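> Handing you this structure, nothing more for now.
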Amino acid sequence: MHSLHFTSETSSNGVVERDFVLGEVPGVLWSPTAGPAHAPLVLMGHGGGLHKKTPALKARALDTVTTWGYTVVALDAPGHGDRPRTAEDEQARAALGQARAAGDNALFESVSLRYVTSLAERAVPEWQTTLDALQALPGIGTAAPIGYGGGISMGTAIGVPLTAVDPRITAAVFGGGFFVSEALLEAAGRITVPVQFLLPWDDEHVDRHSALALFDAFASTEKTLHANPGDHRIIRWVGVDKEFLARHLGPASS
């Protein structure tokens, strides 16, 4: 098993940001400069073509740390951010670009489904290994409640199968526009933890009915859908239950 190695550390406005690598997977951990040990841990996934420190994700991470005293972790997905691209990554990106340029939405959907399914198959074990390593740290430990908070678009395509197989995750925020496979619907049917789901109503690539089908598939008895105007790149957090994770994960002092 690979060890987690911190490679840099900075501190600003009450938040410590630490970059790390675990094997070949780069990640970042945000935590309060001072606070109790074993605070809840929130996992955040980024969208397709982005990275672990994309501005919107980092803003949500910092808000989570400063508002609730939680720890937040994000990873670069396979073929994204600081990670090298495989031949499969390069081929998929080229095919997606060609389909978009040609306005061929059927081809775009087909390539997206295959590629994101492959990414999830690679990323889910990486997230689980990262959780194992983080729980071995004295400041986190196995007592820290864990939530998946802010899995947008590709982050949801990875976060849904992760939440379905890892019982350590006790609440999840998903959302964004994406194409939904039968495998993703099946994984959603195995999720029973509370779910909050954000939907951009005007996604130019994805029929909103696919996202509604995914929401309907969650087996959770507590699940809430928040829809706002917005395209594929704009997720508006208007009217969202901002205390959702805090209510289910508990205070940092517990």
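Convention: chains lettered A, B, ... in structure tokens order; per-chain residue numbering from 1; ligands numbered from 1 as shown.
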Give me the residues within 7 Å of range 140-149 of chain A as a PyMOL selection string, counting only C-alpha atoms and dropping any in the same chain fewer than 3 places off.
chain A and resi 37-44+134-137+168-173+245+249
> What lies within 12 Å of Ser181 in chain A using only C-alpha atoms, ignoring chain neighbours under 6 positions off, as a PyMOL selection string?
chain A and resi 109-118+120+157+160-161+187-188+210-211+213-214+217
> From the set A:Leu50, A:Ile152, A:Val73, A:Leu212, which residue has the shortest atom-to-atom contact distance to Val28 in chain A, counting only C-alpha atoms?
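Smallest distance to Val28 in chain A is found for A:Val73.
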> Excluding Val240 in chain A and its own-chain neighbours fewer than 2 positions away, which residues fall within 12 Å of it when counting only C-alpha atoms? Please give them as a list in words.
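Residues meeting the cut-off are Gly150, Val173, Phe174, Gly175, Gln196, Phe197, Leu198, Leu199, Thr224, Leu225, His226, Ala227, Asn228, Ile235, Arg236, Trp237, Val238, Lys242, Glu243, Phe244 and Leu245 of chain A.
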> Based on the selection just made, write C-alpha atoms of those residues as a PDB file, in the first residue's frame.

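Wrote result-v7.pdb, looks like this:
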```pdb
ATOM      1  CA  GLY A 150     -19.981  18.962  -4.270  1.00  0.00           C
ATOM      2  CA  VAL A 173     -24.342  16.226  -2.655  1.00  0.00           C
ATOM      3  CA  PHE A 174     -24.497  15.463  -6.379  1.00  0.00           C
ATOM      4  CA  GLY A 175     -25.433  17.486  -9.429  1.00  0.00           C
ATOM      5  CA  GLN A 196     -29.056  16.616  -2.201  1.00  0.00           C
ATOM      6  CA  PHE A 197     -29.127  16.969  -5.992  1.00  0.00           C
ATOM      7  CA  LEU A 198     -28.405  20.145  -8.004  1.00  0.00           C
ATOM      8  CA  LEU A 199     -29.642  20.389 -11.594  1.00  0.00           C
ATOM      9  CA  THR A 224     -33.990  16.714  -2.438  1.00  0.00           C
ATOM     10  CA  LEU A 225     -33.786  18.137  -5.962  1.00  0.00           C
ATOM     11  CA  HIS A 226     -32.767  21.775  -6.537  1.00  0.00           C
ATOM     12  CA  ALA A 227     -33.152  23.046 -10.109  1.00  0.00           C
ATOM     13  CA  ASN A 228     -31.959  26.463 -11.262  1.00  0.00           C
ATOM     14  CA  ILE A 235     -24.262  25.430 -11.385  1.00  0.00           C
ATOM     15  CA  ARG A 236     -26.207  27.946  -9.307  1.00  0.00           C
ATOM     16  CA  TRP A 237     -26.327  27.176  -5.598  1.00  0.00           C
ATOM     17  CA  VAL A 238     -29.508  29.240  -5.126  1.00  0.00           C
ATOM     18  CA  LYS A 242     -26.548  24.942   2.900  1.00  0.00           C
ATOM     19  CA  GLU A 243     -26.788  23.102   6.217  1.00  0.00           C
ATOM     20  CA  PHE A 244     -27.392  19.737   4.545  1.00  0.00           C
ATOM     21  CA  LEU A 245     -23.971  18.224   5.229  1.00  0.00           C
TER      22      LEU A 245
END
```
> As an MDAnalysis selection string, please: every residue in range 8-254 of chain A that a backbone DSSP assignment puts in helix (DSSP H, G or I).
chainID A and resid 55:68 87:102 105:135 154:165 182:188 208:217 244:249
> Running DSSP on the backbone, which parts of range 10-107 of chain A land in strand (DSSP E or B), as a list in words?
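Taking range 10-107 of chain A and keeping strand (DSSP E or B) gives Thr10, Ser11, Ser12, Val15, Val16, Glu17, Arg18, Asp19, Phe20, Val21, Leu22, Val25, Pro26, Gly27, Val28, Leu29, Trp30, Ser31, Pro32, Leu41, Val42, Leu43, Met44, Thr71, Val72, Val73, Ala74 and Leu75 of chain A.
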